[in-house]
Every structure is written in C-alpha cells, then in structure tokens.
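Asker: I am attaching a structure below and will ask some questions about it afterwards.
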Amino acid sequence: MTHAPGCVAITGLRSFVGQRLAERLSARGRGLRVVGIDLRRPWRLERRVPFERVDLTDPAANAKLAEIFVRERVEAVVHAAFRRDPTPDLEADHELETIGTLQLLHACAAAKVSRLVVASSTMLYGPRPDNPQYLSESHPLRGHPEAHCVRNRVEMEGLVADWVRKRPDADVTVLRCGWIMGPSFWDRVVRHFSGSLVTTVLGYDPLLQFVHEEDCLDAFEQSVLERRRGVYNVVAPDALPLSMLLRLAGKTALPIPAPLLYRVQELASRTQTGDPPAAFYDYLRWLWLADGESGWNAFGEPVYTTREAWISFVASRRMRQYR
Amino acid sequence: MSEPREPEPDDDALAPDAEGAAAEARARSRIEGGLLREALDGLRAELRARLPSDERGVDWMALFDSARRRLGSTGMRSLPAEVDEFGMDRAALERARPWLDALFDRWWRVDVSGADAVPRHRPCLFVANHSGLLPWDGLMICHALARERIAPETPRFLVEDWLFGLPFAQPFLTRLGGVRACRENAERLLRTRRSVVAFPEGAKGATKVFRQRYRVQRFGRGGVVRTAIAARVPLVPVAVVGAEEAHPVLFKVESAARALGLPFVPVTPTFPWLGPLGLVPLPSKWWIGFGEPIRTDEVAPDAEQDEILVWRMNEQLRSAVQERLDEGLKARPSIWS
C-alpha cells in the first residue's frame, strides 16, 4: 500500500477489464479516484466514476489525454482499450490497438504518469508445433501470421517495451492473460465454447489453460495499487486437454479435418458472418501454454484452477438458460 | 403423455390434471437439459402418441431413454481424475498397460539387461539410439523402466517435432507420456524429478535407411550433455537392438515428402504397399541394454559453457551407446529370436 496512487485513469472503460476494474477501484474509496476514458459512457457504470470522451484513433488524442492526466493529477493508467473480438475492419483495428497505444504512451510521457498497466494476452506467443510446453515471459512473441488482432497486439507490446527501455524508472506492468473464463466474461472464445456442440480440429487435442475473471481482475488491481513492474503471464496453475474440458461440461465435440475446417472458416470470415477466422483454430490445435510461475509469485496463487474456471463458466451458462 | 421420466402403465387415459403434469414435466426437462434434450423429448412424445397405445412387450421408448442416459454417462464414468502438466494421463496409461505388456512380452519379447547399474530413486537422463518411424523404442524403454521400478516417477520420452505435428499422434503420444523434444521441456521434467528418455540422434536416427542400421549418428550439438550438467543428473546410455527391424526403411522418397509436408516418406517392405496396415511393426526380437551411467556431478556446474568438454562427453556418450549396441548385436542369434 506504500505506492498507492491517488487517481487512476482507465482507457477502454467499456471493455470487461476496464469496467470491472473501475467498479472495484471506485468501491475501495479511501482517496482513490477513477477516471474512465472511452468513446461512450457505459450505461451500467456507477455515477461516481467521472468519464472523459477520448477517441484514441484521433490524431490529437495524445494532447487530449495528457491534458486530462494533468488536470486530474493521474498517477496510474490502465490501458485496456483493445478490441474484445477482431473486426473485419483491419485498418480500424490497427489504428486503435497499435497507434492508439502509441498515443497513450506519448500522453503518459508528457503528463509524467509514473505507473502504467497494460492488458495483453498469452495468445501473443502464438500457437506453434515447436513451442515448448510452457512459455515463459522471456519467450519471443511470435504471434500468428494470419490473425491481425494478434499481430496488432504484438506490435503494441513492442512499442511498450521500447518505451520502457527509454525510461528505466517507469513503473510499467504488462499482464498477459490467458483465455478468460467466468460467469460474466464474454468474447469469441467463450462464444465458441458456449454451445453444446463445439467444433474442434480432428486428431488434435491440446492442453488448454484458462484464467478466471476474478483472478485476472485481482492481478490488475494489485498492479494498479502496488508496484509490480515487469511482464507477467496471468494464467491458472493447471492445464486440461480440450477433450476433457468438453467431457466435463457435457458438451459434444465436432471434430473436423484441419484442411476442410480452414477452408470453410476462410469463407465464413470473408463473408463476414462473424465466425472466428481460420487462425483461431490453430489455438485449438497447437500448444501455447504459458508458464505462470512469476505471475503467481507476484500476485499470489490464483483462486481458481483451469478446471474450476471452466466449471464456473459452464455452470453460469446453464443457469442463464432457465431465466 | 409427455411425462419424460417414468412411463405410466396406462398413459392413454387423459386425466383432468394431465395438462398441469405435462407443463411440470416440460419445466423439469428444461431444467435437466438443454435445447437438444428438449427436442429429443418432443420427438419422443410425438412418437409415443403415434405408436399403438396398447402395444405389449418391449417398451421401445424406455429402452431409448435408458440408452440415451447411458450414452450420456459413459463419458462421465471414464472421466480421468487429472492429467499432469505435460498432458500425461495416468488413467489412460493404466488402460494402455495390458497393450504395452503384450507388445513387450509377446510381440517383441523384449529382454532387458544392465538395469542394475542404473541409479535408483533419482532422476536420470537416458540416452538411446533411435530407430523406426514411430517412437516404439521410447515407449518400450519407458515401459521397461516402469516395470523394473527403476525410475522414481513414470519416465517420459522425448518425441521429434514432426511426429507431434501429425494428427492423432499428438494426443496419443501425449497421453502416454511423450513430450516434445526441446531443452526447456527436458529441464522442466528433470527439475521436477522425472526421468527423461532422449534420442539425441533426432530425425537423423529415425530416418536412417536399413543399410545404415545400428550405426549411431552424431548426437546433435551436445544439448543432452548440457542439459544433464545443468540439472546435475547422470547420463545413462541405452542400446535398443531389434527396433531397426521393426520398421526397416529400404529407401526414402523425398519429393513426395515435400508435397505432404513431412521430413521424408519411408518405403519399408510393408509400408506404402499395405496402406495403414504397413504401419504395424514387424515382430523382431528386442533387447534393451542399459550401460554404465556417466556422472555429471563431478564437473563444475558452469561446465556447460565449456564447448570442448561438452563435445568430448557427447562423443563419450555416443561411443558408449555404440559399444553396448555392438555387444547386443554380437549376442543375438537372429533377427527374430
């Protein structure tokens, strides 16, 4: 608690991490103010959280952000303004995720913000047949050549790393979260697993690891309130094979041969029907497990294991059907 | 009519409160299952209404119900407790044990010698000659170690990348204790006190043609020695005789391999000709010989930087495997016995 900031700014307030973190931090009270930044005010946000409208793709965003940071005396920034799901608009995604981050970094430098927490993902390591079983934070981010959302984020992390290199005294935390599971989180990964029939790649059954939303938010909260500089994987301490997860949930696997699957998915993404692009299935094919050990040392052992996170997601989905 | 759980003896009589019961049953069925089950219930109610109601004998609907429930529960019953961090499934290994025993005792009639010299109750790095298309040698060495209760934990064998890329091979090998061959994985295994069986010849060993059999190839770039020095575990040379004849590669087709994305397409006496049946290994007589362990705790821990020393130990290891192989080869009367 020695380094707790007085005011925290959160970009991407409408994202899951942004909104839930804003709720958590503002509930703490005790001289901690939260400023939310996004395009629109989320309708469920509590009234006491002040809101500022900034478009990160706007060329003048950096000056605008810096002005807000100085005016509100912001001491810590949480950067969560990323797309939850990739959109068909590649250009806009790049503008927001990569250039938007650059704008934010410039603003932080101008306003002398000392602490920055960036939301990232273990998906950036990339699913590869030649990955070691567990990827540590020092492993290069190889991304995925076809997944533009992953490529943007790899570029984003590169920008952050450069920025840190230039400012050795900056207190920057990058949290690479695994796939988030839980009662209220929703994205395309969760959507893929939410039906009773789940498409898988025939002949492949990789180990998967999740992180429960509460454990993920705990890590964010700690990095805002205390000094946790560095890059951390935020994942649950165990991994389960995909087939076992489906069996646990009573779901049926629909195995499809890889060439067929990729062809069909290619068509689906070209017609922009909102299906996951073909690259997504590589994450259900190859290994990309992250080694969460340094994260557990920094933030404490996660409360939920992969199995428990998965069961909490499945149970909450089931309850939702009967409302 | 649409009471899903207990079929009434006479359900053609429409009681006045049947509608209420039906609504309740629907609500209950909705609670117990998802959309799929709801659809199935609807289908069953429809069928029951159309079937002659005074039918005697087999109640097809009850049978259908019980079959459906059994189908749903088999998955849960065979649900293994856990897999370990490398995806090995103890329950699957237990299920596979009779098959592995049959391969070990009946198919290849494996003889094991020199097991007494292997240090017990501590992890070791076993280094063996590699042969054959499929990692049968790794499976058999691990099985021998587990049967003789040499290793403190179930030992793991390292598998080349290209095998892990093939469909079905990856889940199969992972469940039985295969781990992708790379230094990070071997170090992690040894750190958690599990023995590792490595084949440092790598793809060069697996793709040897028949006329180069039992000629141990270069042991990579000394990664095995480096790993053992860093982990402070002994290196145990292992010779496997007989595995070369299980899949005798007559020659390799390189052009077809490139099209299929494989390192090579082997031609064995059986392989492309008999289709998938050609992948059944031949029942040659096997012999697994463990050699004298090479200690690594005598050298300094930072000796892994000493290239000269590493290469010398690497060559020492290679020749130890080769010597043990030659012994075994000299001792065997024929390939089949």
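In the structure tokens, chains take letters A, B, ... by order of appearance, with residues numbered from 1 within each chain and ligands from 1 in the order shown.
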If the cut-off is 6 Å, can you tell me the residues of chain B near chain A, counting only C-alpha atoms? I'd like them as a VMD selection string.

Answerer: chain B and resid 167 to 168 171

Asker: Take the residues that were just selected and, keeping N, CA and C atoms, output them as a PDB file, in the first residue's frame.

Answerer:
ATOM      1  N   PRO B 167      -1.741 -35.428 -37.175  1.00  0.00           N
ATOM      2  CA  PRO B 167      -2.988 -35.613 -36.443  1.00  0.00           C
ATOM      3  C   PRO B 167      -3.006 -36.973 -35.752  1.00  0.00           C
ATOM      4  N   PHE B 168      -3.664 -37.064 -34.665  1.00  0.00           N
ATOM      5  CA  PHE B 168      -3.830 -38.255 -33.821  1.00  0.00           C
ATOM      6  C   PHE B 168      -2.556 -38.642 -33.076  1.00  0.00           C
ATOM      7  N   PRO B 171      -2.230 -36.285 -29.546  1.00  0.00           N
ATOM      8  CA  PRO B 171      -2.941 -36.671 -28.315  1.00  0.00           C
ATOM      9  C   PRO B 171      -2.518 -38.039 -27.809  1.00  0.00           C
TER      10      PRO B 171
END

Asker: Can you list, as a list in words, every protein, DNA or RNA residue that comes within 10 Å of Ile141 of chain B when you count only C-alpha atoms, leaving out same-chain residues fewer than 6 positions away?

Answerer: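 The residues satisfying every condition are Phe104, Val110, Val112, Phe126, Ala128, Arg147, Pro155, Arg156, Phe157, Val197, Val238, Ala239, Val240, Ile288, Gly289 and Phe290 of chain B.
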
Asker: Which polymer residues have any atom within 10 Å of an atom of segment 150-164 of chain A, counting only C-alpha atoms, with same-chain residues fewer than 2 positions away left out, as a count of residues only?

Answerer: 47

Asker: Residues of segment 75-223 of chain B classed as strand (DSSP E or B) by DSSP on the backbone are to be reported as a list in words.

Answerer: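 DSSP-assigned strand (DSSP E or B) residues in segment 75-223 of chain B: Asp111, Val112, Ser113, Leu125, Phe126, Val127, Ala128, Arg156, Phe157, Leu158, Val159, Gly178, Val179, Arg180, Val196, Val197 and Ala198 of chain B.
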
Asker: Smallest atom-to-atom distance to Leu13 of chain A: which of A:Leu254, A:Cys177, A:Val189, A:Ala80, using only C-alpha atoms?

Answerer: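 Ranked by minimum distance to Leu13 of chain A, first place goes to A:Ala80.
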
Asker: DSSP says alpha helix (DSSP H) for which residues of segment 116-196 of chain B? Put them as an mmCIF file with all heavy atoms, in the first residue's frame?

Answerer:
data_model
loop_
_atom_site.group_PDB
_atom_site.id
_atom_site.type_symbol
_atom_site.label_atom_id
_atom_site.label_comp_id
_atom_site.auth_asym_id
_atom_site.auth_seq_id
_atom_site.Cartn_x
_atom_site.Cartn_y
_atom_site.Cartn_z
ATOM 1 N N TRP B 136 8.255 -46.299 -31.034
ATOM 2 C CA TRP B 136 8.052 -47.513 -30.240
ATOM 3 C C TRP B 136 9.188 -47.712 -29.254
ATOM 4 O O TRP B 136 8.985 -48.208 -28.150
ATOM 5 C CB TRP B 136 7.970 -48.746 -31.147
ATOM 6 C CG TRP B 136 6.798 -48.762 -32.058
ATOM 7 C CD1 TRP B 136 6.811 -48.753 -33.421
ATOM 8 C CD2 TRP B 136 5.405 -48.803 -31.697
ATOM 9 N NE1 TRP B 136 5.540 -48.777 -33.919
ATOM 10 C CE2 TRP B 136 4.661 -48.809 -32.885
ATOM 11 C CE3 TRP B 136 4.736 -48.816 -30.475
ATOM 12 C CZ2 TRP B 136 3.278 -48.837 -32.899
ATOM 13 C CZ3 TRP B 136 3.350 -48.849 -30.491
ATOM 14 C CH2 TRP B 136 2.638 -48.855 -31.686
ATOM 15 N N ASP B 137 10.418 -47.346 -29.686
ATOM 16 C CA ASP B 137 11.568 -47.556 -28.795
ATOM 17 C C ASP B 137 11.422 -46.748 -27.518
ATOM 18 O O ASP B 137 11.666 -47.263 -26.431
ATOM 19 C CB ASP B 137 12.892 -47.258 -29.521
ATOM 20 C CG ASP B 137 12.827 -46.031 -30.392
ATOM 21 O OD1 ASP B 137 11.776 -45.382 -30.406
ATOM 22 O OD2 ASP B 137 13.821 -45.709 -31.053
ATOM 23 N N GLY B 138 10.941 -45.501 -27.646
ATOM 24 C CA GLY B 138 10.739 -44.677 -26.457
ATOM 25 C C GLY B 138 9.704 -45.293 -25.528
ATOM 26 O O GLY B 138 9.908 -45.393 -24.316
ATOM 27 N N LEU B 139 8.602 -45.729 -26.123
ATOM 28 C CA LEU B 139 7.533 -46.338 -25.326
ATOM 29 C C LEU B 139 8.035 -47.571 -24.588
ATOM 30 O O LEU B 139 7.734 -47.778 -23.410
ATOM 31 C CB LEU B 139 6.385 -46.748 -26.256
ATOM 32 C CG LEU B 139 5.202 -45.805 -26.352
ATOM 33 C CD1 LEU B 139 4.224 -46.313 -27.392
ATOM 34 C CD2 LEU B 139 4.516 -45.676 -25.014
ATOM 35 N N MET B 140 8.834 -48.394 -25.288
ATOM 36 C CA MET B 140 9.287 -49.650 -24.686
ATOM 37 C C MET B 140 10.334 -49.394 -23.593
ATOM 38 O O MET B 140 10.334 -50.075 -22.575
ATOM 39 C CB MET B 140 9.858 -50.573 -25.765
ATOM 40 C CG MET B 140 8.799 -51.196 -26.648
ATOM 41 S SD MET B 140 7.664 -52.253 -25.708
ATOM 42 C CE MET B 140 6.143 -51.381 -25.853
ATOM 43 N N ILE B 141 11.210 -48.419 -23.804
ATOM 44 C CA ILE B 141 12.200 -48.114 -22.761
ATOM 45 C C ILE B 141 11.475 -47.624 -21.509
ATOM 46 O O ILE B 141 11.753 -48.065 -20.393
ATOM 47 C CB ILE B 141 13.213 -47.051 -23.250
ATOM 48 C CG1 ILE B 141 14.069 -47.611 -24.387
ATOM 49 C CG2 ILE B 141 14.123 -46.617 -22.112
ATOM 50 C CD1 ILE B 141 14.935 -46.574 -25.054
ATOM 51 N N CYS B 142 10.499 -46.737 -21.707
ATOM 52 C CA CYS B 142 9.746 -46.226 -20.557
ATOM 53 C C CYS B 142 8.999 -47.355 -19.866
ATOM 54 O O CYS B 142 8.932 -47.400 -18.625
ATOM 55 C CB CYS B 142 8.748 -45.163 -21.004
ATOM 56 S SG CYS B 142 9.523 -43.612 -21.325
ATOM 57 N N HIS B 143 8.445 -48.252 -20.669
ATOM 58 C CA HIS B 143 7.696 -49.361 -20.091
ATOM 59 C C HIS B 143 8.627 -50.274 -19.292
ATOM 60 O O HIS B 143 8.277 -50.720 -18.197
ATOM 61 C CB HIS B 143 7.003 -50.136 -21.204
ATOM 62 C CG HIS B 143 5.951 -51.062 -20.699
ATOM 63 N ND1 HIS B 143 4.887 -50.628 -19.967
ATOM 64 C CD2 HIS B 143 5.817 -52.408 -20.788
ATOM 65 C CE1 HIS B 143 4.129 -51.654 -19.643
ATOM 66 N NE2 HIS B 143 4.671 -52.750 -20.117
ATOM 67 N N ALA B 144 9.821 -50.524 -19.851
ATOM 68 C CA ALA B 144 10.793 -51.363 -19.146
ATOM 69 C C ALA B 144 11.181 -50.710 -17.818
ATOM 70 O O ALA B 144 11.212 -51.368 -16.775
ATOM 71 C CB ALA B 144 12.031 -51.568 -20.012
ATOM 72 N N LEU B 145 11.423 -49.390 -17.855
ATOM 73 C CA LEU B 145 11.814 -48.686 -16.627
ATOM 74 C C LEU B 145 10.699 -48.722 -15.598
ATOM 75 O O LEU B 145 10.936 -48.895 -14.405
ATOM 76 C CB LEU B 145 12.165 -47.238 -16.958
ATOM 77 C CG LEU B 145 13.465 -47.013 -17.708
ATOM 78 C CD1 LEU B 145 13.568 -45.575 -18.176
ATOM 79 C CD2 LEU B 145 14.640 -47.347 -16.821
ATOM 80 N N ALA B 146 9.466 -48.581 -16.074
ATOM 81 C CA ALA B 146 8.337 -48.586 -15.141
ATOM 82 C C ALA B 146 8.149 -49.979 -14.549
ATOM 83 O O ALA B 146 7.844 -50.129 -13.372
ATOM 84 C CB ALA B 146 7.073 -48.128 -15.857
ATOM 85 N N ARG B 147 8.337 -51.024 -15.380
ATOM 86 C CA ARG B 147 8.143 -52.392 -14.889
ATOM 87 C C ARG B 147 9.211 -52.786 -13.895
ATOM 88 O O ARG B 147 8.940 -53.470 -12.914
ATOM 89 C CB ARG B 147 8.153 -53.351 -16.074
ATOM 90 C CG ARG B 147 6.771 -53.589 -16.598
ATOM 91 C CD ARG B 147 6.778 -54.249 -17.934
ATOM 92 N NE ARG B 147 7.461 -55.527 -17.940
ATOM 93 C CZ ARG B 147 6.910 -56.639 -18.421
ATOM 94 N NH1 ARG B 147 5.678 -56.624 -18.871
ATOM 95 N NH2 ARG B 147 7.581 -57.755 -18.472
ATOM 96 N N ASP B 161 9.611 -33.152 -33.361
ATOM 97 C CA ASP B 161 8.558 -32.208 -33.725
ATOM 98 C C ASP B 161 7.617 -32.738 -34.781
ATOM 99 O O ASP B 161 6.417 -32.579 -34.697
ATOM 100 C CB ASP B 161 9.190 -30.919 -34.279
ATOM 101 C CG ASP B 161 9.913 -30.168 -33.219
ATOM 102 O OD1 ASP B 161 9.876 -30.616 -32.072
ATOM 103 O OD2 ASP B 161 10.516 -29.144 -33.544
ATOM 104 N N TRP B 162 8.189 -33.363 -35.821
ATOM 105 C CA TRP B 162 7.340 -33.685 -36.966
ATOM 106 C C TRP B 162 6.278 -34.703 -36.598
ATOM 107 O O TRP B 162 5.179 -34.688 -37.127
ATOM 108 C CB TRP B 162 8.173 -34.155 -38.170
ATOM 109 C CG TRP B 162 8.873 -35.455 -37.964
ATOM 110 C CD1 TRP B 162 10.110 -35.634 -37.454
ATOM 111 C CD2 TRP B 162 8.374 -36.759 -38.270
ATOM 112 N NE1 TRP B 162 10.405 -36.959 -37.405
ATOM 113 C CE2 TRP B 162 9.366 -37.674 -37.909
ATOM 114 C CE3 TRP B 162 7.186 -37.234 -38.825
ATOM 115 C CZ2 TRP B 162 9.214 -39.037 -38.065
ATOM 116 C CZ3 TRP B 162 7.033 -38.593 -38.984
ATOM 117 C CH2 TRP B 162 8.042 -39.485 -38.604
ATOM 118 N N LEU B 163 6.567 -35.564 -35.617
ATOM 119 C CA LEU B 163 5.566 -36.536 -35.183
ATOM 120 C C LEU B 163 4.441 -35.843 -34.433
ATOM 121 O O LEU B 163 3.285 -36.219 -34.548
ATOM 122 C CB LEU B 163 6.224 -37.548 -34.258
ATOM 123 C CG LEU B 163 6.378 -38.939 -34.825
ATOM 124 C CD1 LEU B 163 7.201 -39.771 -33.894
ATOM 125 C CD2 LEU B 163 5.043 -39.575 -35.084
ATOM 126 N N PHE B 164 4.824 -34.817 -33.674
ATOM 127 C CA PHE B 164 3.811 -34.089 -32.926
ATOM 128 C C PHE B 164 2.914 -33.277 -33.848
ATOM 129 O O PHE B 164 1.816 -32.886 -33.459
ATOM 130 C CB PHE B 164 4.471 -33.173 -31.899
ATOM 131 C CG PHE B 164 4.427 -33.738 -30.522
ATOM 132 C CD1 PHE B 164 5.461 -33.544 -29.648
ATOM 133 C CD2 PHE B 164 3.344 -34.471 -30.108
ATOM 134 C CE1 PHE B 164 5.413 -34.077 -28.381
ATOM 135 C CE2 PHE B 164 3.283 -35.006 -28.848
ATOM 136 C CZ PHE B 164 4.327 -34.808 -27.981
ATOM 137 N N ALA B 169 -1.387 -38.379 -33.661
ATOM 138 C CA ALA B 169 -0.156 -38.752 -32.968
ATOM 139 C C ALA B 169 0.005 -37.918 -31.713
ATOM 140 O O ALA B 169 0.392 -38.419 -30.666
ATOM 141 C CB ALA B 169 1.036 -38.556 -33.891
ATOM 142 N N GLN B 170 -0.331 -36.625 -31.833
ATOM 143 C CA GLN B 170 -0.099 -35.723 -30.701
ATOM 144 C C GLN B 170 -0.900 -36.109 -29.456
ATOM 145 O O GLN B 170 -0.304 -36.321 -28.402
ATOM 146 C CB GLN B 170 -0.404 -34.287 -31.149
ATOM 147 C CG GLN B 170 -0.253 -33.271 -30.069
ATOM 148 C CD GLN B 170 -1.333 -32.215 -30.160
ATOM 149 O OE1 GLN B 170 -2.455 -32.503 -30.548
ATOM 150 N NE2 GLN B 170 -0.992 -31.014 -29.811
ATOM 151 N N PRO B 171 -2.230 -36.285 -29.546
ATOM 152 C CA PRO B 171 -2.941 -36.671 -28.315
ATOM 153 C C PRO B 171 -2.518 -38.039 -27.809
ATOM 154 O O PRO B 171 -2.365 -38.245 -26.603
ATOM 155 C CB PRO B 171 -4.415 -36.666 -28.723
ATOM 156 C CG PRO B 171 -4.472 -36.441 -30.159
ATOM 157 C CD PRO B 171 -3.153 -35.967 -30.638
ATOM 158 N N PHE B 172 -2.273 -38.963 -28.741
ATOM 159 C CA PHE B 172 -1.924 -40.326 -28.365
ATOM 160 C C PHE B 172 -0.601 -40.361 -27.594
ATOM 161 O O PHE B 172 -0.511 -40.915 -26.498
ATOM 162 C CB PHE B 172 -1.832 -41.168 -29.642
ATOM 163 C CG PHE B 172 -1.415 -42.587 -29.431
ATOM 164 C CD1 PHE B 172 -2.298 -43.507 -28.902
ATOM 165 C CD2 PHE B 172 -0.142 -43.000 -29.766
ATOM 166 C CE1 PHE B 172 -1.914 -44.813 -28.709
ATOM 167 C CE2 PHE B 172 0.251 -44.304 -29.578
ATOM 168 C CZ PHE B 172 -0.637 -45.213 -29.049
ATOM 169 N N LEU B 173 0.412 -39.736 -28.173
ATOM 170 C CA LEU B 173 1.730 -39.756 -27.536
ATOM 171 C C LEU B 173 1.733 -38.958 -26.233
ATOM 172 O O LEU B 173 2.373 -39.346 -25.258
ATOM 173 C CB LEU B 173 2.780 -39.194 -28.489
ATOM 174 C CG LEU B 173 3.066 -40.068 -29.705
ATOM 175 C CD1 LEU B 173 3.957 -39.331 -30.691
ATOM 176 C CD2 LEU B 173 3.725 -41.355 -29.270
ATOM 177 N N THR B 174 1.003 -37.845 -26.227
ATOM 178 C CA THR B 174 0.977 -37.022 -25.019
ATOM 179 C C THR B 174 0.368 -37.777 -23.848
ATOM 180 O O THR B 174 0.891 -37.746 -22.739
ATOM 181 C CB THR B 174 0.165 -35.744 -25.267
ATOM 182 O OG1 THR B 174 0.626 -35.146 -26.457
ATOM 183 C CG2 THR B 174 0.332 -34.776 -24.142
ATOM 184 N N ARG B 175 -0.725 -38.490 -24.104
ATOM 185 C CA ARG B 175 -1.376 -39.219 -23.007
ATOM 186 C C ARG B 175 -0.465 -40.302 -22.444
ATOM 187 O O ARG B 175 -0.528 -40.617 -21.269
ATOM 188 C CB ARG B 175 -2.664 -39.884 -23.492
ATOM 189 C CG ARG B 175 -3.755 -38.974 -23.901
ATOM 190 C CD ARG B 175 -4.267 -38.109 -22.782
ATOM 191 N NE ARG B 175 -5.179 -37.138 -23.337
ATOM 192 C CZ ARG B 175 -4.799 -35.981 -23.857
ATOM 193 N NH1 ARG B 175 -3.528 -35.632 -23.827
ATOM 194 N NH2 ARG B 175 -5.658 -35.165 -24.385
ATOM 195 N N ARG B 183 14.827 -28.413 -25.170
ATOM 196 C CA ARG B 183 15.606 -28.323 -23.953
ATOM 197 C C ARG B 183 14.765 -27.854 -22.768
ATOM 198 O O ARG B 183 14.893 -28.371 -21.661
ATOM 199 C CB ARG B 183 16.759 -27.350 -24.214
ATOM 200 C CG ARG B 183 17.639 -27.246 -23.046
ATOM 201 C CD ARG B 183 19.083 -27.214 -23.362
ATOM 202 N NE ARG B 183 19.767 -27.106 -22.089
ATOM 203 C CZ ARG B 183 20.855 -26.414 -21.890
ATOM 204 N NH1 ARG B 183 21.434 -25.813 -22.892
ATOM 205 N NH2 ARG B 183 21.388 -26.356 -20.704
ATOM 206 N N GLU B 184 13.872 -26.881 -23.002
ATOM 207 C CA GLU B 184 13.032 -26.364 -21.917
ATOM 208 C C GLU B 184 12.241 -27.496 -21.263
ATOM 209 O O GLU B 184 12.155 -27.590 -20.040
ATOM 210 C CB GLU B 184 12.059 -25.308 -22.438
ATOM 211 C CG GLU B 184 12.671 -23.997 -22.849
ATOM 212 C CD GLU B 184 12.961 -23.967 -24.336
ATOM 213 O OE1 GLU B 184 13.293 -25.019 -24.914
ATOM 214 O OE2 GLU B 184 12.870 -22.878 -24.926
ATOM 215 N N ASN B 185 11.661 -28.354 -22.119
ATOM 216 C CA ASN B 185 10.830 -29.435 -21.586
ATOM 217 C C ASN B 185 11.656 -30.420 -20.779
ATOM 218 O O ASN B 185 11.245 -30.844 -19.698
ATOM 219 C CB ASN B 185 10.130 -30.167 -22.727
ATOM 220 C CG ASN B 185 9.047 -29.327 -23.360
ATOM 221 O OD1 ASN B 185 8.705 -28.274 -22.847
ATOM 222 N ND2 ASN B 185 8.523 -29.794 -24.469
ATOM 223 N N ALA B 186 12.834 -30.804 -21.313
ATOM 224 C CA ALA B 186 13.673 -31.772 -20.600
ATOM 225 C C ALA B 186 14.100 -31.203 -19.255
ATOM 226 O O ALA B 186 14.060 -31.896 -18.233
ATOM 227 C CB ALA B 186 14.893 -32.114 -21.447
ATOM 228 N N GLU B 187 14.468 -29.927 -19.245
ATOM 229 C CA GLU B 187 14.904 -29.321 -17.984
ATOM 230 C C GLU B 187 13.773 -29.269 -16.972
ATOM 231 O O GLU B 187 13.965 -29.532 -15.793
ATOM 232 C CB GLU B 187 15.447 -27.915 -18.247
ATOM 233 C CG GLU B 187 16.915 -27.961 -18.567
ATOM 234 C CD GLU B 187 17.447 -26.643 -19.057
ATOM 235 O OE1 GLU B 187 16.679 -25.679 -19.161
ATOM 236 O OE2 GLU B 187 18.650 -26.594 -19.360
ATOM 237 N N ARG B 188 12.595 -28.944 -17.466
ATOM 238 C CA ARG B 188 11.445 -28.868 -16.570
ATOM 239 C C ARG B 188 11.137 -30.235 -15.963
ATOM 240 O O ARG B 188 10.837 -30.348 -14.779
ATOM 241 C CB ARG B 188 10.248 -28.376 -17.368
ATOM 242 C CG ARG B 188 9.152 -27.828 -16.525
ATOM 243 C CD ARG B 188 8.012 -27.384 -17.401
ATOM 244 N NE ARG B 188 6.948 -26.858 -16.588
ATOM 245 C CZ ARG B 188 6.874 -25.609 -16.159
ATOM 246 N NH1 ARG B 188 7.777 -24.755 -16.488
ATOM 247 N NH2 ARG B 188 5.880 -25.213 -15.412
ATOM 248 N N LEU B 189 11.241 -31.278 -16.788
ATOM 249 C CA LEU B 189 10.962 -32.636 -16.298
ATOM 250 C C LEU B 189 11.974 -33.051 -15.249
ATOM 251 O O LEU B 189 11.623 -33.580 -14.194
ATOM 252 C CB LEU B 189 10.995 -33.622 -17.458
ATOM 253 C CG LEU B 189 9.771 -33.647 -18.358
ATOM 254 C CD1 LEU B 189 10.061 -34.399 -19.634
ATOM 255 C CD2 LEU B 189 8.605 -34.278 -17.628
ATOM 256 N N LEU B 190 13.267 -32.803 -15.538
ATOM 257 C CA LEU B 190 14.311 -33.218 -14.603
ATOM 258 C C LEU B 190 14.222 -32.425 -13.303
ATOM 259 O O LEU B 190 14.488 -32.948 -12.229
ATOM 260 C CB LEU B 190 15.688 -33.037 -15.245
ATOM 261 C CG LEU B 190 15.971 -33.994 -16.412
ATOM 262 C CD1 LEU B 190 17.235 -33.587 -17.135
ATOM 263 C CD2 LEU B 190 16.092 -35.419 -15.904
ATOM 264 N N ARG B 191 13.823 -31.146 -13.432
ATOM 265 C CA ARG B 191 13.704 -30.315 -12.245
ATOM 266 C C ARG B 191 12.634 -30.866 -11.309
ATOM 267 O O ARG B 191 12.730 -30.769 -10.106
ATOM 268 C CB ARG B 191 13.356 -28.889 -12.667
ATOM 269 C CG ARG B 191 13.807 -27.853 -11.681
ATOM 270 C CD ARG B 191 13.756 -26.459 -12.259
ATOM 271 N NE ARG B 191 12.482 -26.148 -12.861
ATOM 272 C CZ ARG B 191 12.352 -25.589 -14.054
ATOM 273 N NH1 ARG B 191 13.416 -25.330 -14.781
ATOM 274 N NH2 ARG B 191 11.174 -25.291 -14.538
#

Asker: Could you check how far atom CA of Gln265 of chain A sits from atom CA of Ala256 of chain B, in Å to one decimal?

Answerer: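 Here the two named atoms are 27.7 Å from each other.
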
Asker: Could you tell me which of A:Asn62, A:Thr87, A:Ser114, A:Ser184 comes closest to Phe16 of chain A if we count only C-alpha atoms?

Answerer: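 Using only C-alpha atoms, the shortest distance to Phe16 of chain A belongs to A:Ser184.
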
Asker: Leaving out Ala66 of chain A and any residue of its chain fewer than 3 positions from it, which residues lie within 12 Å of it when counting only C-alpha atoms, given as a VMD selection string?

Answerer: chain A and resid 9 54 60 to 63 69 to 75 77 103 to 113

Asker: Using only C-alpha atoms for the distances, tell me which of A:Leu287, A:Leu217, A:Cys149, A:Leu175 is nearest to Val234 of chain A.

Answerer: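 Answer, going by the shortest atom-to-atom distance: A:Leu175.
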
Asker: By how many Å are atom CA of Arg20 of chain A and atom CA of Trp186 of chain A apart?

Answerer: 13.0 Å

Asker: With distances taken over only C-alpha atoms, which residue among A:Ala309, A:Ala76, A:Val34, A:Ala27 lies nearest Ile180 of chain A?

Answerer: A:Ala309
